[in-house]
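Note: the block below is my_file-v4.txt and it holds compact mmCIF, C-alpha atoms (C1' of nucleotides).
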# COMPACT_ATOMS: atom_id res chain seq x y z
CA MET A 1 101.52 86.98 110.37
CA ARG A 2 99.41 86.27 107.35
CA TRP A 3 97.87 88.69 104.95
CA ASP A 4 94.24 88.33 105.97
CA MET A 5 95.17 90.07 109.19
CA LEU A 6 96.74 93.12 107.58
CA ASP A 7 93.54 94.87 106.56
CA GLU A 8 92.44 94.86 110.20
CA GLU A 9 95.55 96.69 111.31
CA ALA A 10 95.36 100.14 112.79
CA CYS A 11 98.32 101.32 110.76
CA SER A 12 97.27 103.14 107.62
CA VAL A 13 100.28 101.92 105.73
CA ALA A 14 99.45 98.32 106.55
CA ARG A 15 95.88 98.72 105.36
CA THR A 16 96.95 100.41 102.16
CA VAL A 17 99.60 97.80 101.56
CA SER A 18 97.03 95.06 102.02
CA VAL A 19 95.21 96.55 99.03
CA VAL A 20 97.96 97.69 96.68
CA GLY A 21 101.14 96.23 98.15
CA ASP A 22 101.75 93.72 95.45
CA ARG A 23 103.94 93.98 92.43
CA TRP A 24 101.30 93.12 89.89
CA THR A 25 98.65 95.23 91.55
CA LEU A 26 100.80 98.32 91.33
CA LEU A 27 101.54 97.69 87.67
CA ILE A 28 97.87 97.10 86.98
CA LEU A 29 97.10 100.43 88.60
CA ARG A 30 99.79 102.14 86.55
CA ASP A 31 98.04 100.90 83.44
CA CYS A 32 94.67 101.95 84.80
CA PHE A 33 95.94 105.51 85.04
CA LEU A 34 97.10 105.15 81.43
CA LYS A 35 93.50 104.32 80.58
CA VAL A 36 93.87 100.61 80.07
CA ARG A 37 90.53 99.03 80.92
CA ARG A 38 90.18 95.62 79.38
CA PHE A 39 91.32 92.22 80.51
CA GLU A 40 93.10 91.41 77.27
CA GLN A 41 94.88 94.74 77.22
CA PHE A 42 96.21 94.29 80.72
CA GLN A 43 97.29 90.79 79.94
CA GLU A 44 99.12 91.71 76.78
CA ARG A 45 100.81 94.84 78.12
CA LEU A 46 101.89 93.37 81.43
CA GLY A 47 102.75 89.83 80.41
CA ILE A 48 100.94 88.75 83.56
CA THR A 49 99.39 85.32 83.88
CA ARG A 50 95.69 85.38 83.13
CA HIS A 51 95.05 83.55 86.33
CA VAL A 52 96.80 86.13 88.47
CA LEU A 53 95.31 89.01 86.52
CA ALA A 54 91.79 87.73 87.13
CA ASP A 55 92.57 87.35 90.80
CA ARG A 56 94.05 90.85 91.20
CA LEU A 57 91.23 92.52 89.32
CA LYS A 58 88.72 90.71 91.49
CA LYS A 59 90.46 91.89 94.63
CA LEU A 60 90.69 95.47 93.40
CA VAL A 61 86.98 95.45 92.64
CA LYS A 62 86.22 93.98 96.05
CA THR A 63 88.24 96.69 97.79
CA GLY A 64 86.52 99.41 95.77
CA VAL A 65 89.56 100.61 93.84
CA LEU A 66 88.20 99.50 90.49
CA GLU A 67 84.72 98.92 89.27
CA ARG A 68 83.73 96.28 86.78
CA ASN A 69 81.09 97.36 84.36
CA ALA A 70 79.64 95.86 81.22
CA TYR A 71 80.51 97.86 78.14
CA GLN A 72 78.34 95.58 75.99
CA ASP A 73 75.86 92.71 76.25
CA ARG A 74 75.64 89.67 74.03
CA PRO A 75 78.32 88.62 74.58
CA ALA A 76 78.66 90.17 78.00
CA ARG A 77 81.96 92.01 78.15
CA TYR A 78 83.33 93.90 81.08
CA ASP A 79 85.97 96.50 81.66
CA TYR A 80 87.61 97.87 84.75
CA ARG A 81 87.89 101.51 85.67
CA LEU A 82 89.20 103.43 88.59
CA THR A 83 86.65 104.59 91.12
CA ASP A 84 87.15 107.80 93.06
CA LYS A 85 88.86 105.71 95.68
CA GLY A 86 91.14 104.37 92.97
CA LEU A 87 91.82 107.78 91.50
CA ALA A 88 92.91 108.87 94.96
CA LEU A 89 95.88 106.54 94.55
CA TYR A 90 97.37 108.86 91.96
CA PRO A 91 99.86 110.42 94.38
CA VAL A 92 101.15 106.94 95.19
CA LEU A 93 101.84 106.24 91.54
CA LEU A 94 103.39 109.67 91.04
CA ALA A 95 105.67 109.08 94.00
CA LEU A 96 106.77 105.74 92.59
CA VAL A 97 107.41 107.22 89.17
CA HIS A 98 109.38 110.09 90.57
CA TRP A 99 111.58 107.85 92.66
CA GLY A 100 112.23 105.66 89.65
CA ASP A 101 113.09 108.69 87.55
CA THR A 102 115.42 110.27 90.05
CA GLN A 103 116.92 107.35 91.97
CA GLY A 104 116.49 104.14 90.06
CA ALA A 105 117.60 105.35 86.65
CA GLU A 106 121.32 104.98 86.09
CA GLY A 107 121.82 107.49 83.35
CA ARG A 108 118.56 106.48 81.79
CA ALA A 109 116.48 109.14 80.13
CA ARG A 110 112.89 109.51 81.28
CA PRO A 111 110.48 107.38 79.30
CA VAL A 112 107.64 109.84 79.74
CA HIS A 113 107.16 113.43 80.74
CA TYR A 114 104.23 114.82 82.66
CA ARG A 115 102.67 118.07 81.62
CA HIS A 116 100.39 119.97 83.94
CA ARG A 117 97.23 120.82 82.03
CA THR A 118 96.38 123.77 84.20
CA CYS A 119 99.76 125.51 84.10
CA GLY A 120 101.21 124.02 80.94
CA ALA A 121 104.61 123.18 82.36
CA LEU A 122 106.47 119.90 82.49
CA LEU A 123 106.36 118.94 86.12
CA ASP A 124 107.95 116.92 88.83
CA PRO A 125 105.52 115.73 91.47
CA ILE A 126 106.59 116.89 94.92
CA MET A 127 105.09 116.12 98.27
CA VAL A 128 104.39 119.18 100.36
CA CYS A 129 102.89 120.15 103.68
CA SER A 130 99.22 121.01 103.29
CA GLU A 131 99.64 123.98 105.61
CA CYS A 132 102.79 125.76 104.51
CA ARG A 133 103.32 124.17 101.09
CA GLU A 134 106.96 123.42 101.76
CA PRO A 135 108.42 120.14 100.48
CA LEU A 136 108.40 117.31 103.01
CA GLY A 137 111.52 115.35 103.91
CA ALA A 138 111.69 112.52 106.38
CA ARG A 139 113.57 114.78 108.79
CA ASP A 140 110.97 117.53 108.69
CA VAL A 141 108.10 115.51 110.05
CA LEU A 142 107.40 114.61 113.63
CA VAL A 143 105.20 111.61 114.32
CA GLU A 144 102.68 112.08 117.10
CA PRO A 145 100.10 109.71 118.58
CA GLY A 146 96.61 110.11 117.18
CA PRO A 147 93.21 109.15 118.57
CA GLY A 148 93.17 105.83 116.67
CA LEU A 149 96.40 104.49 118.11
CA PRO A 150 95.84 101.24 120.01
CA GLU A 151 97.52 101.50 123.40
CA GLY A 152 100.67 99.53 123.95
CA HIS A 153 101.14 99.15 120.24
CA GLY A 154 104.17 101.28 119.58
CA LEU A 155 103.62 102.81 116.21
CA LEU A 156 105.69 105.64 117.51
CA ASP A 157 109.36 106.20 117.34
CA PRO A 158 110.51 103.02 118.99
CA ALA A 159 114.03 104.29 119.45
CA LEU A 160 112.79 106.29 122.40
CA LYS A 161 111.08 103.36 123.97
CA SER A 162 113.72 100.73 123.39
CA ARG A 163 116.51 102.94 124.61
CA SER A 164 114.76 103.70 127.87
CA SER A 165 113.41 100.21 128.54
CA ALA A 166 116.46 98.32 127.34
CA SER A 167 119.63 98.29 129.44
CA MET B 1 107.05 87.71 82.66
CA ARG B 2 109.19 87.07 85.68
CA TRP B 3 110.53 89.48 88.23
CA ASP B 4 114.16 89.44 87.20
CA MET B 5 113.11 91.23 84.03
CA LEU B 6 111.32 94.08 85.76
CA ASP B 7 114.37 96.02 86.86
CA GLU B 8 115.46 96.21 83.22
CA GLU B 9 112.23 97.83 82.16
CA ALA B 10 112.16 101.35 80.82
CA CYS B 11 109.11 102.21 82.87
CA SER B 12 110.03 104.00 86.08
CA VAL B 13 107.12 102.50 87.93
CA ALA B 14 108.22 99.01 86.98
CA ARG B 15 111.74 99.63 88.18
CA THR B 16 110.57 101.12 91.44
CA VAL B 17 108.13 98.30 91.96
CA SER B 18 110.90 95.78 91.39
CA VAL B 19 112.61 97.29 94.43
CA VAL B 20 109.79 98.14 96.82
CA GLY B 21 106.73 96.47 95.30
CA ASP B 22 106.31 93.84 97.90
CA ARG B 23 104.10 93.83 100.92
CA TRP B 24 106.80 93.08 103.44
CA THR B 25 109.28 95.44 101.86
CA LEU B 26 106.90 98.35 102.20
CA LEU B 27 106.20 97.54 105.83
CA ILE B 28 109.91 97.21 106.51
CA LEU B 29 110.43 100.65 105.02
CA ARG B 30 107.62 102.06 107.11
CA ASP B 31 109.44 100.86 110.19
CA CYS B 32 112.73 102.22 108.87
CA PHE B 33 111.20 105.67 108.76
CA LEU B 34 110.05 105.10 112.35
CA LYS B 35 113.71 104.50 113.19
CA VAL B 36 113.60 100.76 113.56
CA ARG B 37 117.06 99.48 112.68
CA ARG B 38 117.67 96.04 114.10
CA PHE B 39 116.80 92.61 112.83
CA GLU B 40 115.10 91.54 116.03
CA GLN B 41 113.06 94.72 116.20
CA PHE B 42 111.78 94.31 112.68
CA GLN B 43 110.97 90.71 113.32
CA GLU B 44 109.06 91.36 116.49
CA ARG B 45 107.13 94.40 115.28
CA LEU B 46 106.18 92.97 111.92
CA GLY B 47 105.62 89.34 112.78
CA ILE B 48 107.51 88.51 109.62
CA THR B 49 109.33 85.23 109.19
CA ARG B 50 113.01 85.58 109.94
CA HIS B 51 113.78 83.90 106.66
CA VAL B 52 111.83 86.42 104.62
CA LEU B 53 113.08 89.33 106.68
CA ALA B 54 116.69 88.36 106.04
CA ASP B 55 115.94 88.05 102.35
CA ARG B 56 114.21 91.44 102.09
CA LEU B 57 116.88 93.25 104.04
CA LYS B 58 119.53 91.71 101.83
CA LYS B 59 117.70 92.87 98.71
CA LEU B 60 117.20 96.37 100.06
CA VAL B 61 120.90 96.60 100.84
CA LYS B 62 121.76 95.33 97.39
CA THR B 63 119.56 97.92 95.73
CA GLY B 64 121.05 100.69 97.84
CA VAL B 65 117.94 101.58 99.81
CA LEU B 66 119.36 100.45 103.13
CA GLU B 67 122.88 100.10 104.36
CA ARG B 68 124.05 97.47 106.77
CA ASN B 69 126.60 98.63 109.26
CA ALA B 70 128.15 97.16 112.36
CA TYR B 71 127.14 98.99 115.51
CA GLN B 72 129.50 96.84 117.58
CA ASP B 73 132.20 94.18 117.21
CA ARG B 74 132.70 91.10 119.33
CA PRO B 75 130.11 89.87 118.78
CA ALA B 76 129.60 91.52 115.41
CA ARG B 77 126.15 93.05 115.31
CA TYR B 78 124.61 94.92 112.44
CA ASP B 79 121.80 97.32 111.90
CA TYR B 80 120.07 98.68 108.86
CA ARG B 81 119.51 102.32 108.04
CA LEU B 82 118.08 104.22 105.16
CA THR B 83 120.54 105.66 102.68
CA ASP B 84 119.80 108.90 100.85
CA LYS B 85 118.24 106.78 98.14
CA GLY B 86 116.07 105.18 100.79
CA LEU B 87 115.14 108.48 102.38
CA ALA B 88 113.97 109.59 98.95
CA LEU B 89 111.19 107.02 99.28
CA TYR B 90 109.53 109.15 101.95
CA PRO B 91 106.93 110.59 99.57
CA VAL B 92 105.90 107.06 98.63
CA LEU B 93 105.26 106.18 102.24
CA LEU B 94 103.46 109.47 102.88
CA ALA B 95 101.23 108.81 99.89
CA LEU B 96 100.39 105.34 101.18
CA VAL B 97 99.64 106.66 104.66
CA HIS B 98 97.46 109.41 103.37
CA TRP B 99 95.44 107.08 101.18
CA GLY B 100 94.96 104.76 104.12
CA ASP B 101 93.86 107.63 106.33
CA THR B 102 91.42 109.12 103.88
CA GLN B 103 90.15 106.18 101.85
CA GLY B 104 90.84 102.95 103.66
CA ALA B 105 89.63 103.96 107.09
CA GLU B 106 85.95 103.29 107.62
CA GLY B 107 85.24 105.65 110.45
CA ARG B 108 88.58 104.83 111.98
CA ALA B 109 90.47 107.59 113.72
CA ARG B 110 94.00 108.27 112.62
CA PRO B 111 96.56 106.25 114.53
CA VAL B 112 99.20 108.94 114.17
CA HIS B 113 99.41 112.60 113.28
CA TYR B 114 102.23 114.25 111.43
CA ARG B 115 103.54 117.57 112.58
CA HIS B 116 105.69 119.72 110.34
CA ARG B 117 108.76 120.73 112.28
CA THR B 118 109.39 123.81 110.21
CA CYS B 119 105.88 125.30 110.37
CA GLY B 120 104.56 123.60 113.48
CA ALA B 121 101.22 122.56 112.01
CA LEU B 122 99.61 119.15 111.77
CA LEU B 123 99.80 118.33 108.10
CA ASP B 124 98.37 116.26 105.32
CA PRO B 125 100.88 115.36 102.65
CA ILE B 126 99.73 116.55 99.26
CA MET B 127 101.29 116.00 95.87
CA VAL B 128 101.74 119.19 93.89
CA CYS B 129 103.16 120.38 90.61
CA SER B 130 106.76 121.49 91.03
CA GLU B 131 106.10 124.51 88.82
CA CYS B 132 102.83 126.01 89.97
CA ARG B 133 102.43 124.25 93.33
CA GLU B 134 98.85 123.25 92.64
CA PRO B 135 97.65 119.83 93.81
CA LEU B 136 97.87 117.10 91.18
CA GLY B 137 94.92 114.95 90.22
CA ALA B 138 94.94 112.20 87.63
CA ARG B 139 92.88 114.40 85.31
CA ASP B 140 95.27 117.34 85.52
CA VAL B 141 98.28 115.59 84.09
CA LEU B 142 99.04 114.85 80.48
CA VAL B 143 101.46 112.05 79.69
CA GLU B 144 103.93 112.80 76.92
CA PRO B 145 106.66 110.66 75.36
CA GLY B 146 110.11 111.30 76.76
CA PRO B 147 113.58 110.63 75.37
CA GLY B 148 113.86 107.27 77.13
CA LEU B 149 110.73 105.74 75.66
CA PRO B 150 111.54 102.61 73.64
CA GLU B 151 109.86 102.85 70.26
CA GLY B 152 106.87 100.65 69.64
CA HIS B 153 106.42 100.13 73.35
CA GLY B 154 103.22 101.97 74.04
CA LEU B 155 103.63 103.43 77.46
CA LEU B 156 101.31 106.10 76.22
CA ASP B 157 97.60 106.33 76.37
CA PRO B 158 96.70 103.07 74.69
CA ALA B 159 93.07 104.01 74.30
CA LEU B 160 94.09 106.13 71.33
CA LYS B 161 95.99 103.35 69.70
CA SER B 162 93.57 100.51 70.31
CA ARG B 163 90.60 102.51 69.15
CA SER B 164 92.20 103.35 65.85
CA SER B 165 93.78 99.95 65.20
CA ALA B 166 90.95 97.83 66.55
CA SER B 167 87.58 97.67 64.80
C1' DC C 1 79.91 74.38 60.22
C1' DC C 2 84.36 76.45 61.40
C1' DT C 3 86.84 80.15 63.20
C1' DC C 4 87.66 84.44 65.76
C1' DT C 5 87.39 87.57 69.92
C1' DC C 6 87.08 88.43 74.72
C1' DC C 7 86.96 87.09 79.39
C1' DG C 8 87.95 84.22 82.07
C1' DT C 9 88.89 79.03 84.55
C1' DT C 10 91.53 74.75 85.17
C1' DC C 11 95.65 72.07 85.55
C1' DC C 12 100.47 71.20 86.59
C1' DG C 13 105.25 71.79 88.05
C1' DA C 14 108.26 75.49 90.12
C1' DA C 15 109.06 79.13 93.26
C1' DA C 16 107.97 81.63 97.42
C1' DC C 17 106.14 81.68 102.03
C1' DG C 18 104.95 80.58 107.14
C1' DG C 19 106.39 78.24 111.19
C1' DA C 20 109.62 76.34 113.88
C1' DA C 21 114.06 74.67 115.13
C1' DC C 22 118.87 75.27 114.90
C1' DC C 23 123.56 77.66 114.55
C1' DT C 24 127.30 81.11 115.77
C1' DT C 25 129.70 84.54 118.35
C1' DG C 26 130.49 86.39 122.40
C1' DA C 27 128.96 88.17 127.30
C1' DC C 28 127.88 87.00 131.76
C1' DA C 29 126.78 83.91 135.99
C1' DG C 30 127.68 80.33 138.94
C1' DC D 1 134.20 75.46 132.13
C1' DT D 2 129.45 74.68 132.00
C1' DG D 3 125.10 76.72 131.57
C1' DT D 4 122.35 80.54 129.88
C1' DC D 5 121.23 84.55 127.33
C1' DA D 6 121.15 87.86 123.27
C1' DA D 7 121.51 89.17 118.44
C1' DG D 8 121.55 88.01 113.86
C1' DG D 9 120.95 84.98 110.98
C1' DT D 10 120.35 79.90 108.37
C1' DT D 11 118.09 75.35 107.56
C1' DC D 12 114.26 72.39 106.99
C1' DC D 13 109.53 71.13 105.76
C1' DG D 14 104.78 71.43 104.43
C1' DT D 15 101.44 74.80 102.35
C1' DT D 16 100.33 78.76 99.09
C1' DT D 17 101.04 81.16 95.37
C1' DC D 18 102.86 81.79 90.77
C1' DG D 19 104.13 81.06 85.74
C1' DG D 20 102.91 78.77 81.62
C1' DA D 21 99.87 76.79 78.87
C1' DA D 22 95.62 74.65 77.63
C1' DC D 23 90.65 74.71 77.82
C1' DG D 24 85.71 76.82 78.13
C1' DG D 25 81.80 79.49 76.76
C1' DA D 26 79.11 83.03 74.59
C1' DG D 27 78.31 85.22 70.89
C1' DA D 28 79.90 87.35 65.80
C1' DG D 29 81.11 86.62 61.14
C1' DG D 30 81.96 83.91 57.02

Here is the file; what I need is its structure written in the form of structure tokens.
Amino acid sequence: MRWDMLDEEACSVARTVSVVGDRWTLLILRDCFLKVRRFEQFQERLGITRHVLADRLKKLVKTGVLERNAYQDRPARYDYRLTDKGLALYPVLLALVHWGDTQGAEGRARPVHYRHRTCGALLDPIMVCSECREPLGARDVLVEPGPGLPEGHGLLDPALKSRSSAS
Amino acid sequence: MRWDMLDEEACSVARTVSVVGDRWTLLILRDCFLKVRRFEQFQERLGITRHVLADRLKKLVKTGVLERNAYQDRPARYDYRLTDKGLALYPVLLALVHWGDTQGAEGRARPVHYRHRTCGALLDPIMVCSECREPLGARDVLVEPGPGLPEGHGLLDPALKSRSSAS
DNA sequence: CCTCTCCGTTCCGAAACGGAACCTTGACAG
DNA sequence: CTGTCAAGGTTCCGTTTCGGAACGGAGAGG
């Protein structure tokens, strides 16, 4: 399977991954949320190749995550900012940060803290159920078929299927 | 910058991305949460090259996200399951799914629904502040330096710095 | 005129990837 | 004891992508 096919997939993860599932893209987005906007800034902070940076920015603009707008004319200069669609990726970044803070760090202290403007406290981001507001673990959630599931394509718990069809 | 350097970074996003920031890796993890465990299953469902699949699984085992254990001897056969460290990635996957459902889908119906076992409702995963339990948007969170921030390395809002040092 | 800044593009060798075949261990069938 | 099959990989080869570095171009400033 090649990557041009991924954005056509029914699976929401696959479509999201086709947009942001790339090491550099995720780091670019991290910097976007830290208010980095200009080509040179990205390049210097990330140490990314200019070639790859130009390519990733172009793709992010094409997918509507960033928008490229001129912040001056003569000479024409452009910067890149998150659209609403891009801002909606914030939970993804928070989830990555939190995993890095709690699981990846071997005795490392946190490089940054996050303070909630509205309540004033230092926070951890936690993923909760929209209905009961309880934290969500992998064991707490049951996957059910939805209306957009292509038939035959087992996005569902394949353990059930393979155990009954195998042997 | 090359990828061997990323896991040494102070930034939690960079370290997380060095582990899971790869298209195939994220799709492999999606399937792990759907209880796919065997090499052949991954290969068939994902359409991934066996070569790359073996490589990714090996890396995920090395980083402690998956564990490889024999489910039979003679012939020795192995499967891969999420460790606690791997299970802790669930919020990342939920965030990716939710973005795909709400932003990536152009009129598409959801392929799967998620039901909360403990409250029984169909849920959306939302990221909230651990202290006040309010949903977190990019505008609601203030980034502050933490004890692990290497000096000079501006992980902080660079707009402040560049505006005062530039021009 | 020369140089500087910013945003890229072009070029080249190295690394990663996709596709397909092959290997190994053992079970099972004839 | 010779196929054949299954699972879990490994090897090989040609194509893409990447990293590193140079070049381009459109103005600003001296």

(request) Measure the distance from atom CA of A:Thr102 to atom CA of B:Leu82 in Å and round it to one decimal. (result)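 Atom CA of A:Thr102 sits 16.5 Å away from atom CA of B:Leu82.
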
(message) Pairing every C-alpha atom in order, fit chain B onto chain A and give me the RMSD in Å.
(response) 0.1 Å

(request) List the residues sitting within 8 Å of (89.4, 76.3, 79.6) in the file's frame, using all atoms listed in the file, as an MDAnalysis selection string. (result) (chainID C and resid 9:10) or (chainID D and resid 22:24)

For the selection you just gave me, I'd like the residues written to a file as a compact mmCIF listing (two decimals), keeping the file's coordinate frame, keeping C-alpha atoms (C1' of nucleotides).
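Once everything was written out, this is selection_11.txt:
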# COMPACT_ATOMS: atom_id res chain seq x y z
C1' DT C 9 88.89 79.03 84.55
C1' DT C 10 91.53 74.75 85.17
C1' DA D 22 95.62 74.65 77.63
C1' DC D 23 90.65 74.71 77.82
C1' DG D 24 85.71 76.82 78.13

Closest atom pairs, chain C residues within 10 Å of stretch 7-14 of chain D, all atoms listed in the file, as a tab-separated table:
residue	atom	partner	partner_atom	distance
C:DG18	C1'	D:DG14	C1'	9.5
C:DG19	C1'	D:DC13	C1'	9.5
C:DA20	C1'	D:DC12	C1'	9.2
C:DA21	C1'	D:DC12	C1'	8.5
C:DC22	C1'	D:DT11	C1'	7.4
C:DC23	C1'	D:DT10	C1'	7.3
C:DT24	C1'	D:DG9	C1'	8.8
C:DT25	C1'	D:DA7	C1'	9.4

Could you please take those selected residues and save C-alpha atoms (C1' of nucleotides) as a short mmCIF file (atom, residue, chain, number, x, y, z; two decimals), in the frame of the given file?
data_model
loop_
_atom_site.label_atom_id
_atom_site.label_comp_id
_atom_site.auth_asym_id
_atom_site.auth_seq_id
_atom_site.Cartn_x
_atom_site.Cartn_y
_atom_site.Cartn_z
"C1'" DG C 18 104.95 80.58 107.14
"C1'" DG C 19 106.39 78.24 111.19
"C1'" DA C 20 109.62 76.34 113.88
"C1'" DA C 21 114.06 74.67 115.13
"C1'" DC C 22 118.87 75.27 114.90
"C1'" DC C 23 123.56 77.66 114.55
"C1'" DT C 24 127.30 81.11 115.77
"C1'" DT C 25 129.70 84.54 118.35
#

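Shortest separation to chain C among A:Tyr90, A:Tyr80, A:Tyr71, A:Phe39 occurs at residue A:Phe39, atoms counted being only C-alpha atoms (C1' of nucleotides).
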
(request) Tell me, as a PyMOL selection string, which residues lie within 12 Å of A:Leu149, counting all atoms listed in the file; anything in the same chain fewer than 6 positions away does not count. (result) (chain A and resi 9-12+143+155-156) or (chain B and resi 108-113)

Could you save the residues just selected, with C-alpha atoms, as an mmCIF file, keeping the file's coordinate frame?
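After the write, again.cif holds the following:
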data_model
loop_
_atom_site.group_PDB
_atom_site.id
_atom_site.type_symbol
_atom_site.label_atom_id
_atom_site.label_comp_id
_atom_site.auth_asym_id
_atom_site.auth_seq_id
_atom_site.Cartn_x
_atom_site.Cartn_y
_atom_site.Cartn_z
ATOM 1 C CA GLU A 9 95.550 96.690 111.310
ATOM 2 C CA ALA A 10 95.360 100.140 112.790
ATOM 3 C CA CYS A 11 98.320 101.320 110.760
ATOM 4 C CA SER A 12 97.270 103.140 107.620
ATOM 5 C CA VAL A 143 105.200 111.610 114.320
ATOM 6 C CA LEU A 155 103.620 102.810 116.210
ATOM 7 C CA LEU A 156 105.690 105.640 117.510
ATOM 8 C CA ARG B 108 88.580 104.830 111.980
ATOM 9 C CA ALA B 109 90.470 107.590 113.720
ATOM 10 C CA ARG B 110 94.000 108.270 112.620
ATOM 11 C CA PRO B 111 96.560 106.250 114.530
ATOM 12 C CA VAL B 112 99.200 108.940 114.170
ATOM 13 C CA HIS B 113 99.410 112.600 113.280
#

Compute the chain B side of the contact with chain D at 8 Å, counting all atoms listed in the file, and hand it back as a PDB file with C-alpha atoms, in the coordinates of the input.
ATOM      1  CA  MET B   1     107.050  87.710  82.660  1.00  0.00           C
ATOM      2  CA  ARG B   2     109.190  87.070  85.680  1.00  0.00           C
ATOM      3  CA  PHE B  39     116.800  92.610 112.830  1.00  0.00           C
ATOM      4  CA  GLU B  40     115.100  91.540 116.030  1.00  0.00           C
ATOM      5  CA  HIS B  51     113.780  83.900 106.660  1.00  0.00           C
ATOM      6  CA  ALA B  54     116.690  88.360 106.040  1.00  0.00           C
ATOM      7  CA  ARG B  77     126.150  93.050 115.310  1.00  0.00           C
ATOM      8  CA  TYR B  78     124.610  94.920 112.440  1.00  0.00           C
TER       9      TYR B  78
END

(request) Taking only C-alpha atoms (C1' of nucleotides) into account, report as a ChimeraX atom specification which residues of chain B lie within 8 Å of chain C. (result) /B:49,52,74-76

(message) One decimal, in Å: what's the spacing between atom CA of B:Gln103 and atom CA of A:Gly86?
(response)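 Going from atom CA of B:Gln103 over to atom CA of A:Gly86, I get 9.1 Å.
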
(request) Give me the residues within 10 Å of B:Gly120 as a list in words, counting all atoms listed in the file and dropping any in the same chain fewer than 4 places off. (result)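 Contacts, with the query itself left out: Glu131, Cys132, Val141 and Leu142 of chain A; Tyr114, Arg115 and His116 of chain B.
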
(request) Using atom CA of B:Glu134 and atom CA of A:Glu134 as the two end points, give the distance in Å to one decimal. (result) 12.2 Å
